[in-house]
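Single-structure report; data block below.
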Amino acid sequence: MTRRFIFDVDGTLTPSRQEMNPEFQRWFLNFQEHNFTYLVTGSDRLKTLEQVGNMIYNFATRVYNCSGSDVWEQDKNVYTSEWKLPERETKFLTHCMVESEFVLRTGLHFEHRPGMCNFSIVGRNATLGERKLYIEHDIRIDERNRIAKAFNTMFPDCRAVVGGETGIDIFPKGCDKSQILRDFDPEDELHFFGDAMHPEGNDYPLKKEIIDKDLGVCYNIRNWEETWKILKNE
């Protein structure tokens with residue numbers, strides 16, 4: 001039985017939307033030399049490279065960008081989905097943005113990625129301070145979860161899940177992070193680290209499959225520091 005370590009990126013290996021801590025980065029590179037490591041993130045390839053750096057990205061056995069809809073081994077593209085967010089779904093989310101009580105808009109509210117779309121009320125151009133304002137708003141009224149639930153009721157062929165701190169990830173039903181399991185042997189022992197394993201989070205589908213099928217262990221962590229602490233005891 002081979003142990004394989006699967007990591008979310010935002011909030012798990014890095015502070016959300018930020019670069020990896022340099023000391024942890026050096027330690028993690030050594031960890032990768034002795035273990036099979038995989039990255040699975042809702043972010044695209046360019047953003048992931050910015051966050052973890054070229055060496056960690058390329059030392060990974062495989063990287064699953066866009067929740068597994070854009071798959072890479074070093075510089076080799078293994079698979080890319082061509083799915084695009086349909087017009088009706090786009091109009092619904094635009095209406096949600098117009099109706100939101102959070103009035104600050106920074107642009108790039110729809111970020112189209114291979115096989116998925118990230119939707120954000122505040123916009124992905126927001127500064128850290130602007131993101132913090134939206135996070136406080138979202139905690140107070142649970143806006144993203146409410147939008148995701150309404151979306152999933154109206155559009156059963158798609159799936160919306162809360163991703164990161166300010167966005168919602170949208171993709172065809174079944175094309176969530178759990179789709180990466182097609183590449184693993186049932187005899188493998190999987191160790192999955194993620195910070196959004198609650199039912200509305202984008203780590204939940206993969207966690208559920210791993211637990212339901214008894215494929216390994218899942219670690220619902222709070223931040224990259226906790227990930228590092230757990231790995232040191234492996």
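A note on labels: chains of the structure tokens are A, B, ... as shown, every chain counts residues from 1, and ligands are counted from 1 in their shown order.
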
Review point. Which residues, written as a count of residues only, have at least one atom at most 8 Å from stretch 59-71 of chain A, with only C-alpha atoms counted and residues fewer than 2 positions away on the same chain left out?
Key: 33

Point to revise | Secondary structure check, strand (DSSP E or B) residues of stretch 64-226 of chain A, as a count of residues only | key: 44

Point to revise | d(atom CA of A:Glu82, atom CA of A:Arg159) in Å | key: 16.3 Å

Review point. Taking only C-alpha atoms into account, which of A:Arg4, A:Lys149, A:Arg88, A:Lys132 comes nearest A:Leu215?
Key: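 Smallest separation from A:Leu215 among the options: A:Arg4.
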
Set the distance at 7 Å and use only C-alpha atoms: which residues neighbour stretch 167-171 of chain A once local chain neighbours fewer than 5 positions away are removed? I'd like the list as a JSON list (two decimals) with N, CA and C atoms, in the first residue's frame.
```json
[["chain", "number", "residue", "atom", "x", "y", "z"],
["A", 115, "GLY", "N", -12.86, 24.49, -17.33],
["A", 115, "GLY", "CA", -13.84, 23.61, -16.71],
["A", 115, "GLY", "C", -14.61, 24.19, -15.56],
["A", 116, "MET", "N", -14.43, 25.48, -15.25],
["A", 116, "MET", "CA", -15.12, 26.06, -14.11],
["A", 116, "MET", "C", -15.12, 27.57, -14.20],
["A", 117, "CYS", "N", -15.86, 28.20, -13.28],
["A", 117, "CYS", "CA", -15.87, 29.66, -13.17],
["A", 117, "CYS", "C", -15.89, 30.03, -11.70],
["A", 118, "ASN", "N", -15.09, 31.02, -11.32],
["A", 118, "ASN", "CA", -15.12, 31.54, -9.96],
["A", 118, "ASN", "C", -15.89, 32.84, -9.96],
["A", 119, "PHE", "N", -16.92, 32.92, -9.11],
["A", 119, "PHE", "CA", -17.76, 34.11, -9.00],
["A", 119, "PHE", "C", -17.51, 34.78, -7.67],
["A", 120, "SER", "N", -17.37, 36.11, -7.70],
["A", 120, "SER", "CA", -17.08, 36.86, -6.48],
["A", 120, "SER", "C", -17.87, 38.16, -6.46],
["A", 144, "ARG", "N", -22.49, 33.84, 0.72],
["A", 144, "ARG", "CA", -22.03, 32.89, -0.30],
["A", 144, "ARG", "C", -22.75, 31.55, -0.22],
["A", 158, "CYS", "N", -25.46, 21.90, -12.83],
["A", 158, "CYS", "CA", -24.22, 22.53, -12.37],
["A", 158, "CYS", "C", -24.11, 22.41, -10.86],
["A", 159, "ARG", "N", -22.97, 22.78, -10.36],
["A", 159, "ARG", "CA", -22.74, 22.74, -8.92],
["A", 159, "ARG", "C", -21.98, 23.97, -8.51],
["A", 160, "ALA", "N", -22.45, 24.66, -7.46],
["A", 160, "ALA", "CA", -21.78, 25.82, -6.89],
["A", 160, "ALA", "C", -21.34, 25.49, -5.47],
["A", 161, "VAL", "N", -20.07, 25.74, -5.17],
["A", 161, "VAL", "CA", -19.55, 25.50, -3.82],
["A", 161, "VAL", "C", -18.72, 26.69, -3.39],
["A", 162, "VAL", "N", -18.71, 26.98, -2.10],
["A", 162, "VAL", "CA", -17.91, 28.06, -1.55],
["A", 162, "VAL", "C", -16.44, 27.70, -1.69]]
```

Review point. Counting only C-alpha atoms, what is within 7 Å of stretch 12-16 of chain A, bar same-chain residues fewer than 2 positions away, as a ChimeraX atom specification?
Key: /A:8-10,18-21,164,193-195,221,223-224,227

Mind writing the picked residues with N, CA and C atoms as a compact mmCIF listing (two decimals), in the first residue's frame?
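What landed in out.txt:
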```
# COMPACT_ATOMS: atom_id res chain seq x y z
N ASP A 8 -4.93 20.69 -0.78
CA ASP A 8 -5.49 21.95 -1.24
C ASP A 8 -4.37 23.00 -1.12
N VAL A 9 -4.54 24.15 -1.74
CA VAL A 9 -3.49 25.18 -1.67
C VAL A 9 -3.91 26.36 -0.79
N ASP A 10 -4.91 27.13 -1.22
CA ASP A 10 -5.35 28.31 -0.45
C ASP A 10 -5.80 27.92 0.95
N GLN A 18 -2.26 34.19 -1.09
CA GLN A 18 -0.92 34.72 -0.88
C GLN A 18 0.13 33.65 -1.14
N GLU A 19 1.40 34.07 -1.11
CA GLU A 19 2.50 33.15 -1.37
C GLU A 19 2.80 32.29 -0.15
N MET A 20 3.41 31.17 -0.41
CA MET A 20 3.77 30.21 0.63
C MET A 20 4.84 30.80 1.55
N ASN A 21 4.76 30.51 2.82
CA ASN A 21 5.77 30.93 3.78
C ASN A 21 7.12 30.34 3.38
N GLY A 164 -12.33 29.29 -1.26
CA GLY A 164 -11.50 30.38 -0.73
C GLY A 164 -12.26 31.21 0.28
N PHE A 193 -5.43 16.93 2.77
CA PHE A 193 -5.42 18.11 3.64
C PHE A 193 -6.21 19.23 2.97
N GLY A 194 -7.19 19.79 3.69
CA GLY A 194 -7.97 20.89 3.14
C GLY A 194 -8.62 21.71 4.23
N ASP A 195 -8.96 22.95 3.90
CA ASP A 195 -9.54 23.85 4.91
C ASP A 195 -11.01 24.13 4.66
N ILE A 221 -8.10 21.17 8.23
CA ILE A 221 -7.16 22.05 8.92
C ILE A 221 -7.65 23.51 8.89
N ASN A 223 -5.30 26.29 8.89
CA ASN A 223 -4.34 27.16 8.22
C ASN A 223 -3.10 26.34 7.86
N TRP A 224 -2.18 26.99 7.12
CA TRP A 224 -0.98 26.27 6.69
C TRP A 224 -0.10 25.85 7.86
N THR A 227 -1.22 22.49 8.92
CA THR A 227 -0.75 21.48 7.96
C THR A 227 0.69 21.09 8.26
```
